[in-house]
Every structure is written in structure tokens, then in C-alpha cells.
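Encoded as C-alpha cells, the structure appears first; notes follow it.
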Amino acid sequence: MRLLNLHTLQFEEFYSEDDTPPYAILSHRWTRHEVSHRNLVDGCDQNSAGYNKIIEFCNFARSRTTSIFNKQRGLREDSIVHWGWLDTICIDKSSSQELSESINSMFAWYKNAAVCYAYLCDVPATFEGAAAVAKAFAESEWFDRGWTLQELLAPRDVIFCDRAWQVIGHKCALHAREHGLSPKCAMNDHKQLYGPSLNAEIHQRTNIDHRYLEKPICIFAASIACRLSWAAYRKTTRIEDTAYCLLGMLKINMPLLYGEGSTAFMRLQEEIIRRSSDQSIFCWTPAFGGLTHARGALLAHDPRDFARSSDIVATGQSPDTPYALTNIGLEIRAKTKKIWDSKANRYVYVMQLNCGFPGKDPRFPYPGIGREEELVPAILVLEHTSSYENLYQRVEYCSPEVLAKKGEEVAERLFYVRA
Ligand SMILES: [Zn+2]
């Protein structure tokens, strides 16, 4: 990765994680005045707001990280942060290969950073009053963007700064929940250096469960549907980025093809199905009442379709037999149940998925932590298509009351679900 020296504004490349020195990473919203890698190297744009932001980041990171690392971690002098990474200038976007490589690595770059500073340009300076700051923080557009989702989740600590680079507070990985205390920052030093913990405010704003804020590694235990639900209301400037900004969170690597449009999200789902056996990927509900959807599609149109899927839990159990996408759709071997749907006047086929809804037992309030028997399985409802004997299409996914309905068990067999 290419890092910026915080003192000299020179770049240096580091080729392996082991050789990469500790660095501070910036998370921010892009404005119209950002400086590119080429322009910084050429010394252009030095009077722009974008250039100013770079200088302010360097000054801030230099002063903060030196004191934090000396005081708190007791690290050696050579571990003090002298390097920074900013997405505007550390990627040379004139090279599509470099851009692709960077986007596929970006989650790891945020995860491995010594510290992440989130610069919220729409939060007024703290001298304008604590109430104004809290309100502006809760309303900040930083929470509405696609890329900032992984920038929030991947680093261990995220320190939020207002427009004037004053610390508002932090996302804290050191909450004291497991010791039976109320969930609050357990580090005295944190409060001094990072301001108050904002986990409760972030949860309120993003609907992301506390455990995923406290322990970044836990996000990989969240179901695919739950992870996609976090992205449901986030926007990106380029439509392809609604998919590309999720790669790291889903542990997917794929080539980027700017220009492919909404196909990017289709390709992402295909890639997930190829690599993961978490069937919660089928647990979505069309946004906008399904007006934009082709009837019977197995795959979602965009992350908004997962908006209501945040409570889906993956069991982690592999299906008995592998399944795969083929040219006509999903090829799968499974048991189904044939049920008469009196409202629609037709038979539907229901299939149990390896995911479900958390039980109501208060001893197991967190997704993935409850015992499996606490999980109420999710099911996929299919209908037969007239075009091919073994071909079905998706109707919906739902909770399993439907399973209780009288119907005819259909033995395990191979069939296809239109993609
Ligand atoms: Zn803390």
C-alpha cells in the first residue's frame, strides 16, 4: 500500500503487511474540492479546500498519535505513527488496475490501521454547544454513505472529529459489557484522549448491533442478509460502488468493471453464493413494493431489498448437498413441501433455509449467540413455472408459520430456481 509521510508529504510504497509501519487512516466524505494523487505529486491545487484537509489531517494525526502511543500503549519510539493513508491521494485513480486492487484491499487497510480518524465536515465546532454537536453528529451525512460503512466497522477504534478537528468521541472496542457493567467505555485513558464513547449513538443511527461495534471480528458471524441490511439506506456516487464498497465486509474479492451498472450487485450475490453456504442471501423483500423487480427473481435488485432482514441469523450449518448457479438458475437438491395457496389459487413449494429468526428467549438476546434450537427457521416459498418441468421461481421468503400448514412432503430431489 502507498502511505503518506505525515512530516514530508512524500509517498512510500509498502508491499507486505509485516513491513508496513503503523499508520493513521482517514474516513471522510468527499467534496468537490479533493486533491488527486497526481495533483499532489505535481504540487497543484495547493490553495484548495481538499489540500487544506490533507494538511489538517497530517497535523492532527502527528500530534494526537504521538501522545496517544506514548501514553497509552507504551510502544517503542519506532512504533509512533509517522504515516497516514487518505483515499483521495494514496490511490492513483488514473490506473484502473491500482483502483481495483485498492478497493479489494480497503477493508484490510482500515482494519490494520493504528487509528482511524473520521472527519465529519457537517458537524459544527464544539464551541457551538454540546447539544448542537450531538444533533449534528446524529444527522451527519457520514452515516449515509456506502464507503463509510466499512470505515466504521473495520477499525478497532474510530475517533470522530468535528469540522474544526476537535474530538467529538469514539467508537469503542473496549466496552465493559461482559463484566456485567452497563455498556460504556471501560478505558479511563480513552475518555481523556478519544472523548466519550459514541457506541449508543452510532447504534441508534445505523441499526448496527452493539456487538459488531465492539468487536469488529464479529461482523463475519452476522448473516449475509444482516450485513447487507446495514447497507440498505446508504448511497454511493457511482451505482457500481453500492456493491464494490461491500467486498471486504463480505469477504469477497472480485474484479471491478465500472460501467456494468446494477449488474455489479448481481455479480456480488453470485460470488457470495459461490463461496458461502449462508442461505440468508435469499432472505430479502422487494423495496418499493417490488415495482422495480422482475417477478420471480431469486436475487435481490440492490441492498435496499435487505432493509428488513437485519434480524436474520445464520446457523453456520452447511447444507447437505452443494448448490450452484447455472445458466438457468440455482441448481439445488432439497426436500420441499407442497402447499395449496388458496389466496393465489395455486400450489406453492416451501423449502427450509439454513438461517432464521432469533428466538424470544431473553437469555440469548444476540444473533448468533443463542442456541440453535432458539432459532426459528426461515423458509423460501417457490412456485412452479410452466416453462420447464423442474424449474421453479421465488415467490417470497417468510417465517415458518407456512410450514405448519397442511401439505404434502416432497422427497429430496434436484430442481432449479430461476435466478
Ligand atoms: Zn473507549
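If you're wondering about the labels, chains in the C-alpha cells are A, B, ... by order shown, residues count from 1 in each chain, ligands from 1 in order shown.
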* To do: Find the residues near range 47-52 of chain A: any atom within 7 Å, counting only C-alpha atoms, skip ones fewer than 3 places away on the same chain, and give them as a PyMOL selection string.
  => chain A and resi 33-35+55-56
* **Distance query Asn253 in chain A at most 12 Å, only C-alpha atoms, self and fewer than 2 positions along chain excluded, as a count of residues only** => 27
* Skipping near chain neighbours, those fewer than 3 positions away, what residues fall within 6 Å of range 332-339 of chain A using only C-alpha atoms, listed as an MDAnalysis selection string? -> chainID A and resid 323 347:351 407:415
Prev. selection, N, CA and C atoms, output as a compact mmCIF listing (two decimals), in the first residue's frame:
# COMPACT_ATOMS: atom_id res chain seq x y z
N TYR A 323 -24.94 -26.55 -3.76
CA TYR A 323 -25.81 -25.96 -4.77
C TYR A 323 -25.00 -24.94 -5.54
N TYR A 347 -50.60 -24.11 -6.21
CA TYR A 347 -49.72 -24.78 -5.25
C TYR A 347 -48.42 -23.98 -5.11
N VAL A 348 -47.90 -23.91 -3.88
CA VAL A 348 -46.55 -23.38 -3.71
C VAL A 348 -45.70 -24.46 -3.04
N TYR A 349 -44.40 -24.33 -3.19
CA TYR A 349 -43.46 -25.28 -2.60
C TYR A 349 -42.61 -24.53 -1.60
N VAL A 350 -42.51 -25.03 -0.38
CA VAL A 350 -41.70 -24.31 0.60
C VAL A 350 -40.46 -25.12 0.96
N MET A 351 -39.38 -24.40 1.18
CA MET A 351 -38.10 -25.03 1.43
C MET A 351 -37.45 -24.35 2.63
N GLY A 407 -49.83 -30.02 4.11
CA GLY A 407 -49.30 -30.10 2.76
C GLY A 407 -48.66 -31.44 2.56
N GLU A 408 -48.17 -31.64 1.38
CA GLU A 408 -47.62 -32.94 1.02
C GLU A 408 -46.09 -32.82 1.00
N GLU A 409 -45.42 -33.65 1.80
CA GLU A 409 -43.95 -33.64 1.80
C GLU A 409 -43.45 -34.15 0.45
N VAL A 410 -42.52 -33.44 -0.14
CA VAL A 410 -41.93 -33.92 -1.40
C VAL A 410 -40.51 -34.36 -1.09
N ALA A 411 -40.19 -35.59 -1.46
CA ALA A 411 -38.88 -36.15 -1.14
C ALA A 411 -37.77 -35.31 -1.76
N GLU A 412 -36.58 -35.45 -1.19
CA GLU A 412 -35.44 -34.69 -1.72
C GLU A 412 -35.22 -34.97 -3.20
N ARG A 413 -35.06 -33.93 -3.97
CA ARG A 413 -34.84 -34.11 -5.42
C ARG A 413 -34.09 -32.89 -5.94
N LEU A 414 -33.61 -33.03 -7.16
CA LEU A 414 -32.86 -31.94 -7.79
C LEU A 414 -33.82 -31.05 -8.56
N PHE A 415 -33.76 -29.76 -8.34
CA PHE A 415 -34.59 -28.83 -9.12
C PHE A 415 -33.85 -27.50 -9.30
* Give me, please, the distance in Å between CA of Cys58 in chain A and CA of Pro22 in chain A, quoted to one decimal. => 14.1 Å
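Proximity to ligand 1 was assessed for A:Gln97, A:Leu193, A:Pro124, A:Ala130 counting only C-alpha atoms and all ligand atoms; the smallest distance is recorded for A:Leu193.
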* Neighbour list for Tyr110 in chain A as a list of chain:residue names, cut-off 7 Å, only C-alpha atoms, skip fewer than 6 positions in-chain -> A:Ile25, A:Glu151, A:Ala154, A:Pro155
* Asked: Got a sec: who's within 12 Å of Glu383 in chain A, counting only C-alpha atoms, leaving out chain neighbours fewer than 2 positions off, as an MDAnalysis selection string?
  -> chainID A and resid 295:298 336:341 344:351 380:381 385:387 389:396 415:418
File of the preceding selection, N, CA and C atoms, as a CSV table (one decimal), in the first residue's frame:
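The result, written out as selection-v7.csv:
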chain,number,residue,atom,x,y,z
A,295,ARG,N,-40.7,-10.3,-11.8
A,295,ARG,CA,-41.4,-11.3,-11.0
A,295,ARG,C,-40.6,-12.6,-10.9
A,296,GLY,N,-40.4,-13.1,-9.7
A,296,GLY,CA,-39.8,-14.4,-9.6
A,296,GLY,C,-38.3,-14.4,-9.5
A,297,ALA,N,-37.7,-13.3,-9.5
A,297,ALA,CA,-36.2,-13.2,-9.4
A,297,ALA,C,-35.7,-13.8,-8.1
A,298,LEU,N,-34.7,-14.6,-8.1
A,298,LEU,CA,-34.2,-15.2,-6.9
A,298,LEU,C,-33.2,-14.2,-6.2
A,336,THR,N,-38.9,-30.4,-0.2
A,336,THR,CA,-39.8,-29.3,-0.1
A,336,THR,C,-41.2,-29.8,0.4
A,337,LYS,N,-42.1,-28.9,0.6
A,337,LYS,CA,-43.4,-29.3,1.0
A,337,LYS,C,-44.4,-28.5,0.1
A,338,LYS,N,-45.3,-29.3,-0.5
A,338,LYS,CA,-46.2,-28.7,-1.5
A,338,LYS,C,-47.5,-28.3,-0.7
A,339,ILE,N,-47.9,-27.0,-0.8
A,339,ILE,CA,-49.0,-26.5,0.0
A,339,ILE,C,-49.9,-25.7,-1.0
A,340,TRP,N,-51.2,-25.9,-0.7
A,340,TRP,CA,-52.2,-25.2,-1.6
A,340,TRP,C,-52.4,-23.8,-1.0
A,341,ASP,N,-52.1,-22.8,-1.9
A,341,ASP,CA,-52.2,-21.4,-1.5
A,341,ASP,C,-53.6,-20.9,-2.0
A,344,ALA,N,-53.9,-17.3,-3.7
A,344,ALA,CA,-53.4,-17.2,-5.1
A,344,ALA,C,-54.0,-18.3,-6.0
A,345,ASN,N,-54.7,-19.3,-5.4
A,345,ASN,CA,-55.3,-20.3,-6.2
A,345,ASN,C,-54.2,-21.2,-7.0
A,346,ARG,N,-53.2,-21.6,-6.3
A,346,ARG,CA,-52.2,-22.4,-6.9
A,346,ARG,C,-51.4,-23.1,-5.8
A,347,TYR,N,-50.6,-24.1,-6.2
A,347,TYR,CA,-49.7,-24.8,-5.3
A,347,TYR,C,-48.4,-24.0,-5.1
A,348,VAL,N,-47.9,-23.9,-3.9
A,348,VAL,CA,-46.5,-23.4,-3.7
A,348,VAL,C,-45.7,-24.5,-3.0
A,349,TYR,N,-44.4,-24.3,-3.2
A,349,TYR,CA,-43.5,-25.3,-2.6
A,349,TYR,C,-42.6,-24.5,-1.6
A,350,VAL,N,-42.5,-25.0,-0.4
A,350,VAL,CA,-41.7,-24.3,0.6
A,350,VAL,C,-40.5,-25.1,1.0
A,351,MET,N,-39.4,-24.4,1.2
A,351,MET,CA,-38.1,-25.0,1.4
A,351,MET,C,-37.4,-24.3,2.6
A,380,LEU,N,-38.2,-20.5,2.2
A,380,LEU,CA,-38.3,-19.9,0.9
A,380,LEU,C,-39.5,-20.5,0.2
A,381,VAL,N,-40.4,-19.6,-0.3
A,381,VAL,CA,-41.6,-20.1,-1.0
A,381,VAL,C,-41.4,-20.0,-2.5
A,385,THR,N,-42.9,-23.1,-12.5
A,385,THR,CA,-43.1,-22.3,-13.8
A,385,THR,C,-43.5,-23.3,-14.8
A,386,SER,N,-44.1,-22.7,-15.9
A,386,SER,CA,-44.7,-23.6,-16.9
A,386,SER,C,-43.6,-24.0,-17.9
A,387,SER,N,-42.4,-23.3,-17.9
A,387,SER,CA,-41.5,-23.5,-19.0
A,387,SER,C,-40.7,-24.8,-18.9
A,389,GLU,N,-40.0,-28.6,-16.6
A,389,GLU,CA,-40.6,-29.4,-15.5
A,389,GLU,C,-40.0,-29.2,-14.1
A,390,ASN,N,-38.6,-29.0,-14.1
A,390,ASN,CA,-38.0,-28.9,-12.8
A,390,ASN,C,-37.7,-27.5,-12.4
A,391,LEU,N,-38.3,-26.5,-13.1
A,391,LEU,CA,-37.9,-25.1,-12.9
A,391,LEU,C,-39.0,-24.4,-12.0
A,392,TYR,N,-38.5,-23.8,-11.0
A,392,TYR,CA,-39.4,-23.0,-10.1
A,392,TYR,C,-38.9,-21.6,-10.0
A,393,GLN,N,-39.8,-20.7,-9.4
A,393,GLN,CA,-39.3,-19.4,-9.2
A,393,GLN,C,-39.7,-18.9,-7.8
A,394,ARG,N,-38.9,-18.0,-7.3
A,394,ARG,CA,-39.1,-17.5,-5.9
A,394,ARG,C,-40.4,-16.7,-5.8
A,395,VAL,N,-41.1,-16.9,-4.8
A,395,VAL,CA,-42.3,-16.0,-4.5
A,395,VAL,C,-41.9,-15.0,-3.4
A,396,GLU,N,-41.4,-15.6,-2.3
A,396,GLU,CA,-41.0,-14.7,-1.2
A,396,GLU,C,-40.2,-15.6,-0.2
A,415,PHE,N,-33.8,-29.8,-8.3
A,415,PHE,CA,-34.6,-28.8,-9.1
A,415,PHE,C,-33.8,-27.5,-9.3
A,416,TYR,N,-34.5,-26.6,-10.1
A,416,TYR,CA,-33.8,-25.3,-10.4
A,416,TYR,C,-34.7,-24.2,-10.0
A,417,VAL,N,-34.1,-23.1,-9.5
A,417,VAL,CA,-34.9,-21.9,-9.2
A,417,VAL,C,-34.3,-20.8,-10.0
A,418,ARG,N,-35.2,-20.2,-10.8
A,418,ARG,CA,-34.8,-19.2,-11.8
A,418,ARG,C,-34.1,-18.0,-11.1
* **Backbone DSSP call of strand (DSSP E or B) for range 128-282 of chain A, listed as JSON, numbers by chain** => {"A": [145, 158, 159, 160, 161, 167, 168, 169, 170, 171, 175, 185, 197, 235]}
Please, could you write that set of residues out with C-alpha atoms as an mmCIF file, in the first residue's frame?
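Here's the written file out11.cif:
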data_model
loop_
_atom_site.group_PDB
_atom_site.id
_atom_site.type_symbol
_atom_site.label_atom_id
_atom_site.label_comp_id
_atom_site.auth_asym_id
_atom_site.auth_seq_id
_atom_site.Cartn_x
_atom_site.Cartn_y
_atom_site.Cartn_z
ATOM 1 C CA ARG A 145 -22.576 6.914 2.503
ATOM 2 C CA VAL A 158 -12.730 5.217 15.207
ATOM 3 C CA ILE A 159 -12.259 8.721 16.569
ATOM 4 C CA PHE A 160 -14.820 11.234 15.334
ATOM 5 C CA CYS A 161 -13.802 14.835 14.741
ATOM 6 C CA VAL A 167 -12.620 15.279 19.043
ATOM 7 C CA ILE A 168 -16.350 14.538 19.446
ATOM 8 C CA GLY A 169 -15.978 10.990 20.769
ATOM 9 C CA HIS A 170 -15.146 7.476 19.599
ATOM 10 C CA LYS A 171 -16.432 4.099 18.527
ATOM 11 C CA HIS A 175 -16.901 -1.754 26.275
ATOM 12 C CA CYS A 185 -16.196 2.720 27.598
ATOM 13 C CA SER A 197 -17.887 6.508 23.684
ATOM 14 C CA LYS A 235 -25.716 5.970 -1.102
#
* Nearby residues (only C-alpha atoms) at most 10 Å from Leu152 in chain A, same-chain spacing under 3 positions excluded, as a list of chain:residue names -> A:Ser27, A:Tyr110, A:Lys111, A:Cys116, A:Ala118, A:Trp142, A:Phe143, A:Trp147, A:Thr148, A:Leu149, A:Pro155, A:Arg156, A:Asp157, A:Val158, A:Ile159, A:Lys171, A:Ile202, A:Leu213, A:Pro216
* **Shell around range 301-308 of chain A at 12 Å using only C-alpha atoms, local window under 4 positions removed, as a ChimeraX atom specification** => /A:146,206-208,223-236,239-246,261-269,280-297,312,357,396-398,419
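Nearest residue to ligand 1, choosing from A:Ser95, A:Ser310, A:Ser63, A:Asn199 and counting only C-alpha atoms and all ligand atoms: A:Asn199.
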* Structure fact -> With distances taken over only C-alpha atoms, the candidate from A:Leu26, A:Cys44, A:Cys218, A:Leu325 nearest Ala113 in chain A is A:Leu26
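CA of His384 in chain A is positioned 19.2 Å from CA of Ala324 in chain A.
Counting from CA of Tyr258 in chain A, the distance to CA of Thr237 in chain A is 12.1 Å.
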